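The next block is entry-v6.cif, given as mmCIF, C-alpha atoms and all ligand atoms.
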```
data_data
loop_
_atom_site.group_PDB
_atom_site.id
_atom_site.type_symbol
_atom_site.label_atom_id
_atom_site.label_comp_id
_atom_site.auth_asym_id
_atom_site.auth_seq_id
_atom_site.Cartn_x
_atom_site.Cartn_y
_atom_site.Cartn_z
ATOM 1 C CA MET V 18 32.742 32.993 5.321
ATOM 2 C CA MET V 19 32.636 30.676 8.332
ATOM 3 C CA VAL V 20 29.550 32.447 9.711
ATOM 4 C CA ASN V 21 27.890 32.198 6.334
ATOM 5 C CA ASN V 22 28.418 28.450 6.238
ATOM 6 C CA ILE V 23 27.062 28.015 9.744
ATOM 7 C CA LEU V 24 24.009 30.078 8.851
ATOM 8 C CA ARG V 25 23.464 27.986 5.745
ATOM 9 C CA LEU V 26 23.735 24.785 7.765
ATOM 10 C CA LEU V 27 21.294 26.098 10.379
ATOM 11 C CA SER V 28 18.712 27.079 7.781
ATOM 12 C CA LEU V 29 19.078 23.669 6.142
ATOM 13 C CA LEU V 30 18.533 21.964 9.505
ATOM 14 C CA ALA V 31 15.483 24.112 10.208
ATOM 15 C CA PHE V 32 14.112 23.176 6.800
ATOM 16 C CA ALA V 33 14.716 19.447 7.386
ATOM 17 C CA CYS V 34 13.108 19.565 10.843
ATOM 18 C CA SER V 35 10.014 21.306 9.531
ATOM 19 C CA PHE V 36 8.902 18.042 7.900
ATOM 20 C CA PRO V 37 6.617 15.944 10.105
ATOM 21 C CA PHE V 38 7.938 12.551 11.172
ATOM 22 C CA ALA V 39 4.675 10.791 10.415
ATOM 23 C CA VAL V 40 3.350 10.632 6.861
ATOM 24 C CA GLU V 41 -0.076 11.856 7.957
ATOM 25 C CA PRO V 42 -0.747 14.938 10.091
ATOM 26 C CA SER V 43 -1.239 14.393 13.820
ATOM 27 C CA PRO V 44 -4.845 14.642 15.039
ATOM 28 C CA LEU V 45 -5.830 17.904 16.684
ATOM 29 C CA GLN V 46 -8.643 16.231 18.647
ATOM 30 C CA ASP V 47 -9.486 12.798 20.088
ATOM 31 C CA PHE V 48 -10.975 11.566 16.844
ATOM 32 C CA CYS V 49 -12.699 12.707 13.672
ATOM 33 C CA VAL V 50 -15.251 10.062 12.757
ATOM 34 C CA ALA V 51 -15.740 10.252 9.001
ATOM 35 C CA ASP V 52 -18.978 11.700 7.745
ATOM 36 C CA TYR V 53 -19.087 9.911 4.384
ATOM 37 C CA SER V 54 -22.067 11.946 3.253
ATOM 38 C CA SER V 55 -20.487 15.365 3.834
ATOM 39 C CA PRO V 56 -20.180 17.429 0.635
ATOM 40 C CA VAL V 57 -17.047 19.113 2.047
ATOM 41 C CA PHE V 58 -13.762 18.127 0.396
ATOM 42 C CA VAL V 59 -10.949 17.897 2.925
ATOM 43 C CA ASN V 60 -7.790 15.795 3.162
ATOM 44 C CA GLY V 61 -9.501 12.567 4.290
ATOM 45 C CA PHE V 62 -13.145 12.897 5.357
ATOM 46 C CA ALA V 63 -15.035 15.633 7.182
ATOM 47 C CA CYS V 64 -15.841 14.862 10.849
ATOM 48 C CA LYS V 65 -19.272 14.014 12.128
ATOM 49 C CA ASP V 66 -20.433 15.562 15.410
ATOM 50 C CA PRO V 67 -18.279 13.819 18.081
ATOM 51 C CA ASN V 68 -21.300 13.672 20.422
ATOM 52 C CA LEU V 69 -22.990 11.365 17.934
ATOM 53 C CA ALA V 70 -20.051 8.915 17.729
ATOM 54 C CA ASP V 71 -20.593 5.437 19.146
ATOM 55 C CA GLY V 72 -18.951 2.021 19.163
ATOM 56 C CA THR V 73 -19.995 1.083 15.652
ATOM 57 C CA ASP V 74 -17.975 4.027 14.303
ATOM 58 C CA PHE V 75 -14.773 2.349 15.514
ATOM 59 C CA PHE V 76 -15.712 -1.193 14.564
ATOM 60 C CA TYR V 77 -15.479 -3.680 11.692
ATOM 61 C CA SER V 78 -16.405 -7.338 11.594
ATOM 62 C CA GLY V 79 -15.362 -9.919 9.039
ATOM 63 C CA LEU V 80 -11.608 -10.489 9.039
ATOM 64 C CA HIS V 81 -12.175 -14.087 10.207
ATOM 65 C CA LEU V 82 -13.635 -14.787 6.747
ATOM 66 C CA PRO V 83 -11.257 -16.044 4.039
ATOM 67 C CA GLY V 84 -11.134 -14.013 0.822
ATOM 68 C CA ASN V 85 -12.058 -15.567 -2.516
ATOM 69 C CA THR V 86 -8.784 -16.528 -4.238
ATOM 70 C CA SER V 87 -10.439 -18.034 -7.352
ATOM 71 C CA ASN V 88 -8.883 -15.497 -9.703
ATOM 72 C CA PHE V 89 -5.947 -15.186 -12.081
ATOM 73 C CA LEU V 90 -3.507 -14.208 -9.311
ATOM 74 C CA GLY V 91 -4.750 -16.691 -6.704
ATOM 75 C CA SER V 92 -4.911 -14.018 -4.008
ATOM 76 C CA ASP V 93 -7.461 -11.731 -2.421
ATOM 77 C CA ILE V 94 -7.285 -8.633 -0.228
ATOM 78 C CA THR V 95 -9.848 -7.694 2.401
ATOM 79 C CA PRO V 96 -9.101 -4.064 3.295
ATOM 80 C CA VAL V 97 -10.073 -2.339 6.529
ATOM 81 C CA ASN V 98 -9.273 1.342 6.160
ATOM 82 C CA ALA V 99 -10.979 4.701 6.683
ATOM 83 C CA ALA V 100 -13.536 3.773 4.020
ATOM 84 C CA HIS V 101 -14.629 0.800 6.195
ATOM 85 C CA ILE V 102 -14.154 2.155 9.747
ATOM 86 C CA PRO V 103 -15.200 5.827 9.898
ATOM 87 C CA GLY V 104 -13.364 6.236 13.230
ATOM 88 C CA LEU V 105 -10.014 5.579 11.491
ATOM 89 C CA ASN V 106 -10.274 8.937 9.746
ATOM 90 C CA THR V 107 -7.196 11.115 10.562
ATOM 91 C CA LEU V 108 -5.555 8.386 12.696
ATOM 92 C CA GLY V 109 -2.912 7.348 10.128
ATOM 93 C CA ILE V 110 -3.332 3.564 10.341
ATOM 94 C CA SER V 111 -5.260 0.766 8.627
ATOM 95 C CA MET V 112 -4.983 -2.969 7.902
ATOM 96 C CA VAL V 113 -5.782 -5.779 5.467
ATOM 97 C CA ARG V 114 -6.263 -9.505 5.449
ATOM 98 C CA ILE V 115 -4.546 -11.223 2.507
ATOM 99 C CA ASP V 116 -5.496 -14.736 1.378
ATOM 100 C CA TYR V 117 -3.328 -16.738 -1.016
ATOM 101 C CA ALA V 118 -4.235 -19.961 -2.790
ATOM 102 C CA GLN V 119 -1.399 -22.424 -3.275
ATOM 103 C CA GLY V 120 1.064 -20.610 -5.572
ATOM 104 C CA GLY V 121 -0.986 -17.417 -5.186
ATOM 105 C CA LEU V 122 0.642 -14.069 -5.860
ATOM 106 C CA SER V 123 0.210 -10.533 -4.615
ATOM 107 C CA PRO V 124 1.811 -8.932 -7.697
ATOM 108 C CA PRO V 125 4.403 -6.123 -7.643
ATOM 109 C CA HIS V 126 2.729 -2.990 -6.299
ATOM 110 C CA THR V 127 3.402 0.033 -4.118
ATOM 111 C CA HIS V 128 1.476 1.905 -1.451
ATOM 112 C CA PRO V 129 2.107 5.571 -2.189
ATOM 113 C CA ARG V 130 1.163 6.722 1.309
ATOM 114 C CA ALA V 131 2.247 3.991 3.726
ATOM 115 C CA SER V 132 4.840 1.612 5.036
ATOM 116 C CA GLU V 133 3.466 -1.894 5.560
ATOM 117 C CA ILE V 134 4.157 -4.404 8.332
ATOM 118 C CA LEU V 135 2.957 -7.919 7.521
ATOM 119 C CA THR V 136 2.659 -11.086 9.565
ATOM 120 C CA VAL V 137 1.932 -14.614 8.354
ATOM 121 C CA LEU V 138 -0.859 -16.468 10.173
ATOM 122 C CA GLU V 139 -0.824 -19.553 8.009
ATOM 123 C CA GLY V 140 1.463 -20.923 5.289
ATOM 124 C CA THR V 141 4.790 -19.862 3.812
ATOM 125 C CA LEU V 142 5.401 -16.695 1.798
ATOM 126 C CA PHE V 143 8.279 -15.546 -0.359
ATOM 127 C CA VAL V 144 8.266 -11.746 -0.092
ATOM 128 C CA GLY V 145 10.423 -8.946 -1.423
ATOM 129 C CA PHE V 146 10.797 -5.289 -2.247
ATOM 130 C CA ILE V 147 13.051 -3.354 -4.599
ATOM 131 C CA THR V 148 15.098 -0.386 -3.479
ATOM 132 C CA SER V 149 14.662 2.974 -5.176
ATOM 133 C CA ASN V 150 16.590 4.112 -8.244
ATOM 134 C CA PRO V 151 19.461 3.989 -9.032
ATOM 135 C CA GLU V 152 20.139 0.956 -6.878
ATOM 136 C CA ASN V 153 17.207 -1.357 -7.845
ATOM 137 C CA ARG V 154 18.319 -3.969 -5.354
ATOM 138 C CA LEU V 155 15.886 -6.827 -4.661
ATOM 139 C CA ILE V 156 15.588 -7.618 -0.948
ATOM 140 C CA THR V 157 13.742 -10.867 -0.181
ATOM 141 C CA LYS V 158 12.865 -13.236 2.645
ATOM 142 C CA VAL V 159 10.956 -16.473 3.152
ATOM 143 C CA LEU V 160 8.351 -16.058 5.897
ATOM 144 C CA GLN V 161 6.800 -18.788 8.023
ATOM 145 C CA ARG V 162 3.838 -18.615 10.382
ATOM 146 C CA GLY V 163 4.389 -15.880 12.969
ATOM 147 C CA ASP V 164 7.127 -14.143 10.997
ATOM 148 C CA VAL V 165 6.896 -10.397 10.439
ATOM 149 C CA PHE V 166 8.253 -8.373 7.506
ATOM 150 C CA VAL V 167 8.316 -4.666 6.676
ATOM 151 C CA PHE V 168 7.829 -3.031 3.269
ATOM 152 C CA PRO V 169 9.118 0.572 3.350
ATOM 153 C CA VAL V 170 6.799 3.318 2.106
ATOM 154 C CA GLY V 171 6.525 3.736 -1.660
ATOM 155 C CA LEU V 172 8.746 0.806 -2.681
ATOM 156 C CA ILE V 173 7.551 -1.853 -5.145
ATOM 157 C CA HIS V 174 6.960 -5.154 -3.356
ATOM 158 C CA PHE V 175 5.244 -8.543 -3.730
ATOM 159 C CA GLN V 176 4.332 -11.736 -1.868
ATOM 160 C CA ARG V 177 4.022 -15.248 -3.205
ATOM 161 C CA ASN V 178 2.663 -18.338 -1.488
ATOM 162 C CA ILE V 179 5.381 -20.985 -1.821
ATOM 163 C CA GLY V 180 3.862 -23.431 0.683
ATOM 164 C CA TYR V 181 1.793 -26.578 0.123
ATOM 165 C CA GLY V 182 -1.603 -25.135 1.045
ATOM 166 C CA ASN V 183 -3.382 -21.812 1.438
ATOM 167 C CA ALA V 184 -1.651 -18.933 3.158
ATOM 168 C CA VAL V 185 -3.081 -16.096 5.223
ATOM 169 C CA ALA V 186 -1.389 -12.855 6.221
ATOM 170 C CA PHE V 187 -2.470 -9.729 8.043
ATOM 171 C CA ALA V 188 -0.776 -6.420 7.326
ATOM 172 C CA ALA V 189 -0.950 -2.985 8.920
ATOM 173 C CA PHE V 190 -0.254 0.346 7.209
ATOM 174 C CA SER V 191 0.919 3.758 8.370
ATOM 175 C CA SER V 192 -1.993 5.469 6.600
ATOM 176 C CA GLN V 193 -5.777 5.483 6.919
ATOM 177 C CA ASN V 194 -5.778 5.125 3.115
ATOM 178 C CA PRO V 195 -2.462 3.650 1.920
ATOM 179 C CA GLY V 196 -3.481 3.381 -1.747
ATOM 180 C CA ALA V 197 -2.233 0.608 -4.021
ATOM 181 C CA VAL V 198 -0.544 1.032 -7.384
ATOM 182 C CA THR V 199 -0.150 -2.346 -9.084
ATOM 183 C CA VAL V 200 2.655 -1.947 -11.596
ATOM 184 C CA ALA V 201 1.306 -4.074 -14.466
ATOM 185 C CA ASN V 202 -2.290 -2.851 -14.187
ATOM 186 C CA THR V 203 -1.247 0.776 -13.891
ATOM 187 C CA VAL V 204 1.259 0.857 -16.749
ATOM 188 C CA PHE V 205 -0.537 -1.466 -19.191
ATOM 189 C CA GLY V 206 -4.118 -0.884 -18.068
ATOM 190 C CA ALA V 207 -4.173 2.924 -17.938
ATOM 191 C CA ASN V 208 -7.403 4.464 -19.223
ATOM 192 C CA PRO V 209 -6.985 5.984 -21.732
ATOM 193 C CA ARG V 210 -3.982 3.891 -22.723
ATOM 194 C CA ILE V 211 -0.428 5.173 -22.597
ATOM 195 C CA GLU V 212 0.731 5.482 -26.215
ATOM 196 C CA THR V 213 2.497 2.347 -27.458
ATOM 197 C CA ASP V 214 5.505 4.379 -28.551
ATOM 198 C CA ILE V 215 6.092 5.505 -24.973
ATOM 199 C CA LEU V 216 5.946 1.954 -23.650
ATOM 200 C CA THR V 217 8.037 0.320 -26.419
ATOM 201 C CA ARG V 218 10.863 2.711 -25.610
ATOM 202 C CA ALA V 219 10.405 2.520 -21.854
ATOM 203 C CA PHE V 220 10.519 -1.291 -21.883
ATOM 204 C CA ALA V 221 12.841 -1.676 -24.909
ATOM 205 C CA VAL V 222 10.493 -4.132 -26.677
ATOM 206 C CA ASP V 223 8.490 -3.966 -29.917
ATOM 207 C CA ASN V 224 4.871 -2.929 -30.487
ATOM 208 C CA SER V 225 3.404 -6.422 -30.513
ATOM 209 C CA ILE V 226 4.578 -7.132 -26.968
ATOM 210 C CA ILE V 227 3.116 -3.853 -25.690
ATOM 211 C CA ASP V 228 -0.154 -4.533 -27.563
ATOM 212 C CA SER V 229 -0.489 -7.974 -26.041
ATOM 213 C CA LEU V 230 0.296 -6.644 -22.557
ATOM 214 C CA GLN V 231 -2.244 -3.839 -22.959
ATOM 215 C CA LEU V 232 -4.852 -6.393 -24.030
ATOM 216 C CA GLN V 233 -4.372 -8.346 -20.784
ATOM 217 C CA PHE V 234 -4.926 -5.403 -18.453
HETATM 218 C C1 LIG V 301 -15.233 -16.888 -5.990
HETATM 219 O O1 LIG V 301 -15.002 -16.164 -7.184
HETATM 220 C C2 LIG V 301 -15.319 -16.912 -8.353
HETATM 221 C C3 LIG V 301 -14.848 -16.098 -9.545
HETATM 222 O O2 LIG V 301 -15.327 -14.788 -9.502
HETATM 223 C C4 LIG V 301 -16.812 -17.206 -8.366
HETATM 224 O O3 LIG V 301 -17.142 -17.950 -9.523
HETATM 225 C C5 LIG V 301 -17.162 -17.995 -7.109
HETATM 226 O O4 LIG V 301 -18.563 -18.181 -7.036
HETATM 227 C C6 LIG V 301 -16.700 -17.272 -5.866
HETATM 228 N N1 LIG V 301 -16.863 -18.138 -4.696
HETATM 229 C C7 LIG V 301 -17.479 -17.739 -3.595
HETATM 230 C C8 LIG V 301 -17.542 -18.728 -2.489
HETATM 231 O O5 LIG V 301 -17.957 -16.626 -3.484
#
```

Can you dump the structure from the file as structure tokens?
Ligand SMILES: *[C@@H]1O[C@H](CO)[C@@H](O)[C@H](O)[C@H]1NC(C)=O
Amino acid sequence: MMVNNILRLLSLLAFACSFPFAVEPSPLQDFCVADYSSPVFVNGFACKDPNLADGTDFFYSGLHLPGNTSNFLGSDITPVNAAHIPGLNTLGISMVRIDYAQGGLSPPHTHPRASEILTVLEGTLFVGFITSNPENRLITKVLQRGDVFVFPVGLIHFQRNIGYGNAVAFAAFSSQNPGAVTVANTVFGANPRIETDILTRAFAVDNSIIDSLQLQF
């Protein structure tokens, strides 16, 4: 009986330890510069010949430029990931610049493949994330210039500019391609649409509210 339990515990431990600690697999070589034109489908991008790699493969220019925040949300994202720097392929990191107009919002969204660490360069942000079911606890903080905040992988989060002028933040991700699922756009803007009946029950509202939300996204 005792031995059985120990064996069970050991096999459980072995199972738990077999998961990698990083979200993305560790590189098996110095780098794997993305060959965007390769017809081969792999997890990420196929590698180009490492002998042909040069500085431009590991380079991006433009994060000094403010994004255009003249939109409904008053915010803009400039991403720099493996689609912009081929040398980031397989390295498990990427970054963005986020610009916010006064009152601008980065609406509730998740990154399915990455944790995010964000720092404010200019302005004041109110930020938060919501813990996973069943807890649904909202954890928030007001950030000033130089402050740093972490959004754990997969959790719904947001940022809002609550200062008197523009705000600028830079954020880094634990994925070469973190992905972004914006809750409102995904649920109400799915193509083809999610049937109204599914959404009226999910959100406990009537058809007209779902129709008007679907029209907006
Ligand atoms: C910013 O975006 C708005 C709306 O799309 C557009 O009208 C405007 O020309 C853009 N401004 C710049 C500087 O690109």

Practice problem: Let me have all residues with an atom within 7 Å of ligand LIG 301 (chain V), counting all atoms listed in the file, laid out as a list of chain:residue names. | Solution: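 The residues near ligand LIG 301 (chain V) are V:Asn85, V:Thr86, V:Ser87, V:Asn88.
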
Those same residues, written as a CSV table (one decimal), in the frame of the given file with C-alpha atoms?
```
chain,number,residue,atom,x,y,z
V,85,ASN,CA,-12.1,-15.6,-2.5
V,86,THR,CA,-8.8,-16.5,-4.2
V,87,SER,CA,-10.4,-18.0,-7.4
V,88,ASN,CA,-8.9,-15.5,-9.7
```

Write out as CSV the residues of stretch 67-116 of chain V that have any atom within 12 Å of an atom of stretch 159-182 of chain V, one row each with the nearest atom pair and its distance in Å to one decimal, counting only C-alpha atoms, sorted by chain and then rising number.
```
residue,atom,partner,partner_atom,distance
V:Thr86,CA,V:Asn178,CA,11.9
V:Leu90,CA,V:Arg177,CA,9.7
V:Gly91,CA,V:Asn178,CA,9.2
V:Ser92,CA,V:Arg177,CA,9.1
V:Asp93,CA,V:Gln176,CA,11.8
V:Ile115,CA,V:Gln176,CA,9.9
V:Asp116,CA,V:Asn178,CA,9.4
```

Just C-alpha atoms for this one: save the residues we selected as a PDB file, in the coordinates of the input.
```pdb
ATOM      1  CA  THR V  86      -8.784 -16.528  -4.238  1.00  0.00           C
ATOM      2  CA  LEU V  90      -3.507 -14.208  -9.311  1.00  0.00           C
ATOM      3  CA  GLY V  91      -4.750 -16.691  -6.704  1.00  0.00           C
ATOM      4  CA  SER V  92      -4.911 -14.018  -4.008  1.00  0.00           C
ATOM      5  CA  ASP V  93      -7.461 -11.731  -2.421  1.00  0.00           C
ATOM      6  CA  ILE V 115      -4.546 -11.223   2.507  1.00  0.00           C
ATOM      7  CA  ASP V 116      -5.496 -14.736   1.378  1.00  0.00           C
TER       8      ASP V 116
END
```

Self-check item: Selection as JSON, numbers by chain: residues within 12 Å of (-17.1, 15.1, 4.6), counting all atoms listed in the file
Solution: {"V": [49, 50, 51, 52, 53, 54, 55, 56, 57, 58, 59, 60, 61, 62, 63, 64, 65, 66, 100, 103, 106]}

Practice problem: Run the PyMOL selection byres (((chain V and resi 107) around 8) and not hetatm) mentally over the shown coordinates, then write out the matched residues as number ranges by chain, using the chain letters and numbers from the document. | Solution: V: 41-44, 48-49, 61, 105-106, 108-109, 193

Requested write-out: C-alpha atoms of the selected residues, as a short mmCIF file (atom, residue, chain, number, x, y, z; two decimals), in the coordinates of the input:
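Result file is out-v5.cif:
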```
data_model
loop_
_atom_site.label_atom_id
_atom_site.label_comp_id
_atom_site.auth_asym_id
_atom_site.auth_seq_id
_atom_site.Cartn_x
_atom_site.Cartn_y
_atom_site.Cartn_z
CA GLU V 41 -0.08 11.86 7.96
CA PRO V 42 -0.75 14.94 10.09
CA SER V 43 -1.24 14.39 13.82
CA PRO V 44 -4.84 14.64 15.04
CA PHE V 48 -10.98 11.57 16.84
CA CYS V 49 -12.70 12.71 13.67
CA GLY V 61 -9.50 12.57 4.29
CA LEU V 105 -10.01 5.58 11.49
CA ASN V 106 -10.27 8.94 9.75
CA LEU V 108 -5.56 8.39 12.70
CA GLY V 109 -2.91 7.35 10.13
CA GLN V 193 -5.78 5.48 6.92
#
```

Quick one: everything within 9 Å of V:Gln233, counting all atoms listed in the file, minus sequence neighbours fewer than 2 positions away in the same chain. Send it as a JSON list (two decimals) with C-alpha atoms, in the coordinates of the input.
```
[["chain", "number", "residue", "atom", "x", "y", "z"],
["V", 202, "ASN", "CA", -2.29, -2.85, -14.19],
["V", 205, "PHE", "CA", -0.54, -1.47, -19.19],
["V", 206, "GLY", "CA", -4.12, -0.88, -18.07],
["V", 228, "ASP", "CA", -0.15, -4.53, -27.56],
["V", 229, "SER", "CA", -0.49, -7.97, -26.04],
["V", 230, "LEU", "CA", 0.30, -6.64, -22.56],
["V", 231, "GLN", "CA", -2.24, -3.84, -22.96]]
```

Self-check item: Result set, the PyMOL selection byres (((chain V and resi 185) around 10) and not hetatm) on current file, as a ChimeraX atom specification
Solution: /V:83-84,92-93,114-118,136-142,162,178,183-184,186-187

Quiz item: Between V:Leu80, V:Leu122, V:Leu69, V:Ala219, which one has atoms that come closest to V:Val144, using all atoms listed in the file?
Solution: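 Among the listed residues, V:Leu122 lies closest to V:Val144.
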
Quiz item: If you measure from atom CA of V:Ser123 to atom CA of V:Leu155, what distance in Å do you get, rounded to one decimal?
Solution: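 Calculated distance between atom CA of V:Ser123 and atom CA of V:Leu155 is 16.1 Å.
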